[in-house]
>>> print(open('entry04.txt').read())   # compact mmCIF, C-alpha atoms and all ligand atoms
# COMPACT_ATOMS: atom_id res chain seq x y z
CA MET E 1 -13.48 16.33 -20.69
CA ASP E 2 -10.14 18.10 -20.31
CA ASN E 3 -11.34 19.97 -17.27
CA LYS E 4 -11.03 16.74 -15.30
CA LEU E 5 -8.23 14.59 -13.98
CA LYS E 6 -8.38 11.04 -15.34
CA ILE E 7 -7.53 8.28 -12.89
CA ALA E 8 -7.04 4.64 -13.89
CA ILE E 9 -7.89 2.00 -11.32
CA GLN E 10 -8.06 -1.78 -11.50
CA LYS E 11 -11.36 -2.97 -12.96
CA SER E 12 -11.59 -5.94 -10.61
CA GLY E 13 -9.12 -7.82 -8.47
CA ARG E 14 -7.07 -7.25 -5.40
CA LEU E 15 -6.66 -3.48 -5.73
CA TYR E 16 -10.24 -2.66 -6.69
CA GLU E 17 -11.96 -2.42 -3.30
CA ASP E 18 -9.18 -0.46 -1.64
CA SER E 19 -8.92 1.94 -4.58
CA ILE E 20 -12.64 2.71 -4.39
CA LYS E 21 -12.35 3.04 -0.62
CA LEU E 22 -9.51 5.53 -1.00
CA LEU E 23 -11.75 7.75 -3.15
CA LYS E 24 -14.50 7.42 -0.59
CA ASP E 25 -12.18 8.28 2.31
CA CYS E 26 -11.19 11.38 0.33
CA SER E 27 -14.92 12.27 0.24
CA ILE E 28 -15.06 11.69 -3.52
CA GLU E 29 -18.43 10.22 -4.46
CA ILE E 30 -18.84 8.00 -7.51
CA ASN E 31 -21.63 6.03 -9.09
CA ILE E 32 -20.38 2.82 -10.61
CA GLY E 33 -22.40 2.13 -13.77
CA ILE E 34 -23.21 -1.31 -15.14
CA ASP E 35 -20.69 -1.28 -17.98
CA LYS E 36 -17.99 -0.14 -15.56
CA LEU E 37 -15.58 1.16 -18.20
CA LYS E 38 -15.54 4.65 -16.81
CA THR E 39 -17.45 6.97 -14.56
CA THR E 40 -17.30 10.55 -13.35
CA ALA E 41 -17.05 11.64 -9.73
CA LEU E 42 -20.08 13.57 -8.52
CA ASN E 43 -18.34 16.13 -6.33
CA PHE E 44 -14.72 16.30 -7.55
CA PRO E 45 -13.25 16.91 -11.06
CA LEU E 46 -12.20 13.31 -11.52
CA GLU E 47 -12.96 10.81 -14.27
CA ILE E 48 -12.38 7.18 -13.32
CA LEU E 49 -11.25 4.61 -15.91
CA PHE E 50 -11.49 0.93 -14.99
CA LEU E 51 -8.64 -1.12 -16.51
CA ARG E 52 -6.57 -4.26 -16.08
CA ASP E 53 -3.69 -3.47 -13.73
CA ASP E 54 -1.07 -4.65 -16.28
CA ASP E 55 -2.26 -2.01 -18.76
CA ILE E 56 -2.16 0.94 -16.38
CA PRO E 57 1.57 1.81 -16.75
CA GLN E 58 1.25 2.06 -20.54
CA TYR E 59 -1.86 4.25 -20.29
CA LEU E 60 0.01 6.51 -17.88
CA GLU E 61 3.05 6.77 -20.11
CA ASP E 62 0.84 7.65 -23.09
CA GLY E 63 -1.21 10.11 -21.07
CA VAL E 64 -4.51 8.32 -21.80
CA ALA E 65 -4.88 8.42 -18.01
CA ASP E 66 -3.30 11.24 -15.98
CA ILE E 67 -2.87 9.24 -12.80
CA GLY E 68 -3.39 5.63 -11.75
CA ILE E 69 -3.40 3.28 -8.80
CA VAL E 70 -1.21 0.25 -9.43
CA GLY E 71 1.16 -2.11 -7.60
CA LYS E 72 4.81 -1.07 -7.50
CA ASN E 73 5.54 -4.60 -8.76
CA ILE E 74 3.73 -3.89 -12.05
CA LEU E 75 5.34 -0.46 -12.46
CA LEU E 76 8.86 -1.82 -11.96
CA GLU E 77 8.25 -4.78 -14.27
CA LYS E 78 6.80 -2.68 -17.09
CA ARG E 79 9.43 0.10 -16.86
CA LYS E 80 7.21 2.78 -18.38
CA LYS E 81 8.03 6.44 -17.88
CA VAL E 82 5.75 7.57 -15.06
CA GLN E 83 6.17 9.41 -11.78
CA ILE E 84 5.33 7.84 -8.39
CA LYS E 85 3.47 10.44 -6.35
CA GLU E 86 2.48 8.58 -3.19
CA THR E 87 2.55 5.13 -1.63
CA LEU E 88 -0.92 4.08 -0.54
CA GLY E 89 -0.43 1.49 2.19
CA PHE E 90 -2.62 -1.25 0.68
CA GLY E 91 -2.01 -4.13 -1.77
CA LYS E 92 1.02 -5.11 0.24
CA CYS E 93 2.83 -8.17 -1.02
CA ARG E 94 6.28 -9.43 -1.96
CA LEU E 95 7.67 -10.89 -5.14
CA SER E 96 9.37 -14.09 -4.08
CA ILE E 97 11.04 -17.17 -5.42
CA ALA E 98 9.54 -20.45 -4.25
CA VAL E 99 10.67 -24.04 -4.73
CA PRO E 100 8.96 -27.39 -4.05
CA LYS E 101 8.98 -28.18 -0.32
CA SER E 102 11.01 -31.33 -0.85
CA PHE E 103 13.96 -29.43 -2.41
CA LYS E 104 16.98 -29.02 -0.14
CA TYR E 105 17.55 -25.32 -0.67
CA ASN E 106 20.72 -24.02 1.05
CA ASN E 107 21.47 -20.85 -0.80
CA ILE E 108 20.79 -18.96 -3.98
CA LYS E 109 23.34 -20.98 -6.01
CA PHE E 110 20.79 -23.76 -5.90
CA LEU E 111 18.86 -21.87 -8.60
CA ASN E 112 21.67 -22.15 -11.15
CA GLY E 113 20.47 -24.03 -14.23
CA LYS E 114 16.87 -24.29 -12.95
CA ARG E 115 13.74 -23.52 -14.97
CA ILE E 116 11.76 -20.76 -13.28
CA ALA E 117 8.19 -19.78 -14.19
CA THR E 118 7.07 -16.19 -13.59
CA SER E 119 4.92 -13.30 -14.79
CA TYR E 120 7.80 -10.96 -13.88
CA PRO E 121 10.57 -11.89 -16.35
CA PHE E 122 12.29 -8.51 -16.22
CA LEU E 123 12.52 -8.31 -12.42
CA VAL E 124 13.63 -11.94 -12.15
CA LYS E 125 16.29 -11.47 -14.81
CA GLU E 126 17.56 -8.34 -13.07
CA PHE E 127 17.71 -10.13 -9.71
CA PHE E 128 19.56 -13.14 -11.16
CA GLY E 129 21.95 -10.80 -12.98
CA LYS E 130 22.87 -9.14 -9.68
CA LYS E 131 23.32 -12.49 -7.94
CA ASN E 132 25.22 -14.04 -10.82
CA ILE E 133 22.72 -16.84 -11.33
CA LYS E 134 22.12 -18.40 -14.71
CA ALA E 135 18.59 -19.80 -14.85
CA ASP E 136 16.06 -20.44 -17.54
CA ILE E 137 13.15 -17.98 -17.22
CA HIS E 138 9.74 -19.04 -18.57
CA GLU E 139 7.21 -16.24 -18.77
CA ILE E 140 3.63 -17.29 -18.03
CA SER E 141 0.76 -14.93 -17.41
CA GLY E 142 -1.26 -16.62 -14.69
CA ALA E 143 -1.50 -19.57 -12.28
CA VAL E 144 2.26 -19.55 -11.94
CA GLU E 145 2.09 -21.57 -8.73
CA ILE E 146 0.98 -24.74 -10.53
CA ALA E 147 3.95 -24.74 -12.95
CA PRO E 148 6.24 -27.03 -10.87
CA GLY E 149 3.38 -29.49 -10.25
CA ILE E 150 2.72 -29.95 -13.97
CA GLY E 151 6.40 -30.17 -14.86
CA LEU E 152 6.58 -26.81 -16.63
CA ALA E 153 9.31 -25.48 -14.33
CA ASP E 154 11.42 -26.38 -11.30
CA CYS E 155 10.52 -23.31 -9.32
CA ILE E 156 8.56 -20.07 -9.56
CA CYS E 157 8.76 -16.36 -8.84
CA ASP E 158 5.40 -14.87 -7.91
CA LEU E 159 3.56 -12.48 -5.61
CA VAL E 160 3.02 -13.69 -2.08
CA SER E 161 1.15 -12.17 0.81
CA SER E 162 0.22 -14.78 3.43
CA GLY E 163 2.00 -17.65 1.70
CA SER E 164 -1.08 -19.89 1.81
CA THR E 165 -1.25 -20.29 -1.99
CA LEU E 166 2.36 -21.48 -2.02
CA PHE E 167 1.67 -23.83 0.84
CA MET E 168 -1.37 -25.35 -0.86
CA ASN E 169 0.73 -26.01 -3.94
CA GLY E 170 3.51 -27.72 -2.01
CA LEU E 171 5.97 -24.83 -2.41
CA LYS E 172 8.16 -22.90 0.02
CA GLU E 173 9.37 -19.33 -0.24
CA VAL E 174 13.16 -19.08 -0.41
CA GLU E 175 14.10 -15.57 -1.66
CA THR E 176 12.30 -12.22 -1.68
CA ILE E 177 13.20 -10.05 -4.61
CA LEU E 178 10.86 -7.09 -4.03
CA ARG E 179 8.46 -5.66 -1.44
CA SER E 180 5.47 -4.00 -3.03
CA GLU E 181 2.35 -2.00 -2.27
CA ALA E 182 -0.11 0.06 -4.28
CA VAL E 183 1.11 3.50 -5.36
CA LEU E 184 -0.41 6.53 -7.01
CA ALA E 185 1.55 7.18 -10.21
CA SER E 186 1.16 9.93 -12.77
CA HIS E 187 1.87 10.78 -16.39
CA MET E 188 5.23 12.62 -16.64
CA TYR E 189 3.84 15.92 -17.93
CA LEU E 190 0.46 17.02 -16.67
CA GLY E 191 -1.31 20.18 -17.81
CA SER E 192 -1.60 22.97 -15.26
CA LEU E 193 -5.25 22.27 -14.48
CA GLN E 194 -4.58 18.56 -14.08
CA LYS E 195 -1.65 19.38 -11.80
CA MET E 196 -3.86 21.56 -9.66
CA ILE E 197 -6.52 18.85 -9.32
CA LEU E 198 -3.83 16.27 -8.53
CA ASP E 199 -2.46 18.49 -5.76
CA LYS E 200 -5.92 18.74 -4.24
CA PHE E 201 -6.36 14.98 -4.45
CA LEU E 202 -2.89 14.35 -2.92
CA PHE E 203 -3.68 16.78 -0.12
CA ARG E 204 -6.72 14.68 0.75
CA ILE E 205 -4.88 11.37 0.39
CA ARG E 206 -2.16 12.55 2.78
CA ALA E 207 -4.70 13.74 5.34
CA VAL E 208 -6.42 10.34 5.20
CA LYS E 209 -3.12 8.43 5.41
CA LYS E 210 -1.94 10.42 8.39
CA ALA E 211 -5.26 9.87 10.15
CA LYS E 212 -5.10 6.10 9.56
CA ASN E 213 -1.65 5.92 11.13
CA ASN E 214 -2.71 7.76 14.26
CA LYS E 215 -5.19 7.40 17.10
CA TYR E 216 -6.77 10.03 19.28
CA ILE E 217 -6.41 9.16 22.95
CA LEU E 218 -8.06 10.59 26.04
CA LEU E 219 -7.02 9.72 29.56
CA ASN E 220 -7.65 10.82 33.10
CA VAL E 221 -4.56 11.59 35.12
CA PRO E 222 -4.06 12.46 38.82
CA ASN E 223 -2.62 15.99 38.80
CA GLU E 224 0.55 15.03 40.67
CA ARG E 225 1.41 12.65 37.80
CA LEU E 226 0.66 15.11 34.99
CA ASP E 227 4.23 16.22 34.18
CA MET E 228 5.50 12.68 34.12
CA ILE E 229 2.69 11.46 31.88
CA ILE E 230 2.95 14.37 29.48
CA SER E 231 6.61 13.62 28.93
CA TYR E 232 5.50 10.26 27.49
CA LEU E 233 2.95 11.75 25.13
CA PRO E 234 4.00 13.16 21.80
CA GLY E 235 0.79 14.90 20.63
CA ILE E 236 0.82 16.57 17.23
CA LYS E 237 2.04 19.85 18.67
CA SER E 238 1.58 19.26 22.38
CA PRO E 239 -1.11 17.38 24.34
CA ALA E 240 -4.21 19.24 25.54
CA ILE E 241 -5.00 19.27 29.29
CA LEU E 242 -8.52 19.95 30.52
CA PRO E 243 -9.62 20.26 34.14
CA LEU E 244 -12.13 17.74 35.49
CA ALA E 245 -14.96 18.31 37.97
CA ASN E 246 -12.84 16.26 40.35
CA SER E 247 -10.09 18.84 40.97
CA GLU E 248 -7.46 16.20 41.72
CA CYS E 249 -7.47 14.87 38.16
CA SER E 250 -7.16 16.24 34.64
CA SER E 251 -8.19 14.94 31.27
CA VAL E 252 -5.32 14.66 28.77
CA HIS E 253 -5.94 14.47 25.00
CA SER E 254 -3.31 13.51 22.50
CA VAL E 255 -2.57 11.87 19.16
CA VAL E 256 -0.43 8.74 19.12
CA ASN E 257 1.14 6.96 16.18
CA GLU E 258 -0.15 3.45 15.55
CA ASN E 259 3.40 2.00 15.64
CA ASP E 260 4.16 3.29 19.14
CA PHE E 261 0.65 2.86 20.35
CA TRP E 262 0.79 -0.17 22.67
CA ARG E 263 4.15 0.76 24.14
CA ILE E 264 2.86 4.21 25.03
CA ILE E 265 -0.43 2.93 26.46
CA GLU E 266 1.40 0.42 28.67
CA ASN E 267 3.70 3.15 29.99
CA LEU E 268 0.80 5.49 30.65
CA LYS E 269 -1.08 2.87 32.57
CA GLU E 270 1.93 2.08 34.73
CA LEU E 271 2.32 5.77 35.45
CA GLY E 272 -1.23 6.00 36.80
CA ALA E 273 -3.35 7.04 33.80
CA GLN E 274 -6.96 5.86 34.07
CA ASP E 275 -10.05 5.58 31.87
CA ILE E 276 -8.05 5.52 28.65
CA LEU E 277 -10.21 6.03 25.55
CA VAL E 278 -8.84 5.43 22.05
CA LEU E 279 -10.66 6.87 19.03
CA PRO E 280 -10.04 6.56 15.30
CA ILE E 281 -9.28 9.80 13.45
CA GLU E 282 -10.92 10.57 10.13
CA LYS E 283 -8.57 13.22 8.74
CA ILE E 284 -5.50 15.11 9.93
CA ILE E 285 -4.70 18.42 8.31
CA LEU E 286 -1.57 20.12 9.62
P1 LIG E 301 -6.00 -7.98 -13.70
O1 LIG E 301 -7.21 -8.69 -14.17
O2 LIG E 301 -6.29 -6.53 -13.39
O3 LIG E 301 -4.80 -8.16 -14.58
P2 LIG E 301 -4.50 -9.61 -11.80
O4 LIG E 301 -5.09 -10.96 -11.63
O5 LIG E 301 -3.27 -9.43 -12.60
O6 LIG E 301 -5.67 -8.60 -12.26
P3 LIG E 301 -4.57 -9.27 -8.91
O7 LIG E 301 -4.32 -10.66 -8.48
O8 LIG E 301 -5.91 -8.67 -8.69
O9 LIG E 301 -4.10 -8.98 -10.40
O10 LIG E 301 -3.47 -8.37 -8.16
C1 LIG E 301 -3.37 -7.01 -8.38
C2 LIG E 301 -2.23 -6.46 -7.54
O11 LIG E 301 -2.50 -6.66 -6.15
C3 LIG E 301 -0.88 -7.09 -7.74
O12 LIG E 301 -0.20 -6.62 -8.89
C4 LIG E 301 -0.17 -6.70 -6.47
O13 LIG E 301 0.33 -5.37 -6.57
C5 LIG E 301 -1.29 -6.71 -5.43
N1 LIG E 301 -1.25 -7.90 -4.51
C6 LIG E 301 -1.32 -7.85 -3.18
N2 LIG E 301 -1.25 -9.08 -2.63
C7 LIG E 301 -1.16 -9.95 -3.61
C8 LIG E 301 -1.08 -11.38 -3.67
N3 LIG E 301 -1.04 -12.14 -2.59
N4 LIG E 301 -1.04 -11.95 -4.88
C9 LIG E 301 -1.11 -11.19 -5.99
N5 LIG E 301 -1.16 -9.83 -5.97
C10 LIG E 301 -1.19 -9.21 -4.82
ZN ZN E 302 -2.89 -8.19 -13.99
>>> encode(input="entry04.txt", output="structure tokens", more="lines below")
Ligand code: ATP
Ligand code: ZN
Amino acid sequence: MDNKLKIAIQKSGRLYEDSIKLLKDCSIEINIGIDKLKTTALNFPLEILFLRDDDIPQYLEDGVADIGIVGKNILLEKRKKVQIKETLGFGKCRLSIAVPKSFKYNNIKFLNGKRIATSYPFLVKEFFGKKNIKADIHEISGAVEIAPGIGLADCICDLVSSGSTLFMNGLKEVETILRSEAVLASHMYLGSLQKMILDKFLFRIRAVKKAKNNKYILLNVPNERLDMIISYLPGIKSPAILPLANSECSSVHSVVNENDFWRIIENLKELGAQDILVLPIEKIIL
């Protein structure tokens, strides 16, 4: 089995679907068996281990898995020796402190002397240390958000994405201590074959990530506006210009970053671009 790279992913939960999708987007095919403890990719030297996310950092430190997909929040809390290779853009959330809605929270000093329930005792302690807060940290492993309601704590520190769970439990978010997303992490010392497979995998991941952040756009432009419009278009190297049957217009093709996308489209339209088509990109290899 040593001729494969072993990747640990979450067995079920919030990172599972996106982790499987990442493999798929990298054209790595897998069959998920019924026992779902591990499986082997059909067309790439990868063995997939399905684990609880909390256990992944330890497995990576020990080298039981070579690489793994896990939230930055878990990695920072567990403090195992691993290397972060790539951020993956999914599983985005923040680790935040929340207090009951009725509390009059003015500033962080409010937390002095409070009982705070969390599954992230290390990160909370570190944050309070920096802010000079002395609070009583209660570690609990799940359903942290109900702790104030049942009198177990005054406030909590937990992962938040939309904030709806907090809201439903009568809590409000007052401090963010960490922003997190899923990352690809690796064992500190990989063998040379494993390193080579990892490089191939990273190459694919980066091509997929770049493609997701960009759109392919095509537009028709009156020739007298061409120079002006091109100056607004980045393109990967430079936009492509193709003649149209109508000799007064040209077709311009380019790649635009998702973040600048609407601003650029609005400008182009104002400058006289017509028939703008926007297409998703599957992979970008530079
Ligand atoms: P496991 O059974 O594997 O221990 P879990 O219940 O601890 O699962 P999940 O709730 O599935 O974990 O969350 C896994 C990861 O998803 C988190 O560690 C975090 O990185 C990320 N995540 C993204 N958004 C949220 C959110 N709103 N709440 C919790 N985790 C989130
Ligand atoms: Zn977990």
>>> closest_atom_pairs(input="entry04.txt", of="chain E", to="ligand LIG 301 (chain E)", cutoff="7 Å", atoms="all atoms listed in the file", output="tab-separated table")
residue	atom	partner	partner_atom	distance
E:Gln10	CA	E:LIG301	O2	5.4
E:Lys11	CA	E:LIG301	O2	6.2
E:Ser12	CA	E:LIG301	O2	6.0
E:Gly13	CA	E:LIG301	O8	3.3
E:Arg14	CA	E:LIG301	O8	3.8
E:Leu15	CA	E:LIG301	O11	5.3
E:Leu51	CA	E:LIG301	O2	6.7
E:Arg52	CA	E:LIG301	O2	3.5
E:Asp53	CA	E:LIG301	O2	4.0
E:Asp54	CA	E:LIG301	O3	5.4
E:Val70	CA	E:LIG301	O13	6.5
E:Gly71	CA	E:LIG301	O13	3.5
E:Lys72	CA	E:LIG301	O13	6.3
E:Asn73	CA	E:LIG301	O13	5.7
E:Ile74	CA	E:LIG301	O12	5.7
E:Gly91	CA	E:LIG301	C6	4.0
E:Lys92	CA	E:LIG301	C6	5.0
E:Cys93	CA	E:LIG301	N2	4.5
E:Leu159	CA	E:LIG301	N4	4.7
E:Val160	CA	E:LIG301	N3	4.4
E:Ser161	CA	E:LIG301	N3	4.0
E:Ser162	CA	E:LIG301	N3	6.7
E:Ser180	CA	E:LIG301	O13	6.4
E:Glu181	CA	E:LIG301	O13	5.8
E:Ala182	CA	E:LIG301	O13	5.9
>>> residues_around(input="entry04.txt", residues="Thr40 of chain E", least_positions_apart="6", cutoff="10 Å", atoms="only C-alpha atoms", output="MDAnalysis selection string")
chainID E and resid 4:6 29:33 46:49
>>> residues_around(input="entry04.txt", residues="Ala153 of chain E", least_positions_apart="6", cutoff="6 Å", atoms="only C-alpha atoms", output="PyMOL selection string")
chain E and resi 115-117+147
>>> closest_residue(input="entry04.txt", among="E:Ser247, E:Cys157, E:Arg179, E:Tyr59", to="Tyr120 of chain E", atoms="all atoms listed in the file")
E:Cys157
>>> residues_around(input="entry04.txt", residues="Ile7 of chain E", least_positions_apart="3", cutoff="10 Å", atoms="all atoms listed in the file", output="list in words")
Lys4, Lys38, Leu46, Glu47, Ile48, Leu49, Phe50, Ile56, Leu60, Val64, Ala65, Asp66, Ile67, Gly68, Ile69, Leu184, Ala185, Ser186 and Leu198 of chain E
>>> residues_near_point(input="entry04.txt", point="(9.3, -13.4, -15.0)", cutoff="8 Å", atoms="all atoms listed in the file", output="ChimeraX atom specification")
/E:116-125,137-140,157
>>> write_last_selection(input="entry04.txt", atoms="C-alpha atoms", output="PDB file, keeping the file's coordinate frame")
ATOM      1  CA  ILE E 116      11.760 -20.760 -13.280  1.00  0.00           C
ATOM      2  CA  ALA E 117       8.190 -19.780 -14.190  1.00  0.00           C
ATOM      3  CA  THR E 118       7.070 -16.190 -13.590  1.00  0.00           C
ATOM      4  CA  SER E 119       4.920 -13.300 -14.790  1.00  0.00           C
ATOM      5  CA  TYR E 120       7.800 -10.960 -13.880  1.00  0.00           C
ATOM      6  CA  PRO E 121      10.570 -11.890 -16.350  1.00  0.00           C
ATOM      7  CA  PHE E 122      12.290  -8.510 -16.220  1.00  0.00           C
ATOM      8  CA  LEU E 123      12.520  -8.310 -12.420  1.00  0.00           C
ATOM      9  CA  VAL E 124      13.630 -11.940 -12.150  1.00  0.00           C
ATOM     10  CA  LYS E 125      16.290 -11.470 -14.810  1.00  0.00           C
ATOM     11  CA  ILE E 137      13.150 -17.980 -17.220  1.00  0.00           C
ATOM     12  CA  HIS E 138       9.740 -19.040 -18.570  1.00  0.00           C
ATOM     13  CA  GLU E 139       7.210 -16.240 -18.770  1.00  0.00           C
ATOM     14  CA  ILE E 140       3.630 -17.290 -18.030  1.00  0.00           C
ATOM     15  CA  CYS E 157       8.760 -16.360  -8.840  1.00  0.00           C
TER      16      CYS E 157
END
>>> closest_residue(input="entry04.txt", among="E:Gln274, E:Thr87, E:Ser141, E:Asn43", to="ligand ZN 302 (chain E)", atoms="all atoms listed in the file")
E:Ser141
>>> closest_residue(input="entry04.txt", among="E:Asp158, E:Leu242, E:Leu279, E:Ser231", to="Ile217 of chain E", atoms="all atoms listed in the file")
E:Leu279
>>> closest_residue(input="entry04.txt", among="E:Asp55, E:Asp18, E:Asp35, E:Asp2", to="ligand ZN 302 (chain E)", atoms="all atoms listed in the file")
E:Asp55
>>> atom_distance(input="entry04.txt", atom1="atom CA of Glu173 of chain E", atom2="atom CA of Gly129 of chain E")
19.8 Å
>>> closest_residue(input="entry04.txt", among="E:Glu175, E:Leu271, E:Leu233, E:Arg263", to="Tyr105 of chain E", atoms="only C-alpha atoms")
E:Glu175
>>> axis_aligned_box(input="entry04.txt", around="segment 19-37 of chain E", padding_each_side="8 Å", output="lines of an AutoDock Vina configuration file")
center_x = -16.1
center_y = 5.5
center_z = -7.9
size_x = 30.3
size_y = 29.6
size_z = 36.5
>>> closest_residue(input="entry04.txt", among="E:Ile97, E:Ile28, E:Val278, E:Ala240", to="Arg204 of chain E", atoms="all atoms listed in the file")
E:Ile28
>>> atom_distance(input="entry04.txt", atom1="atom CA of Phe167 of chain E", atom2="atom CA of Lys131 of chain E")
26.0 Å
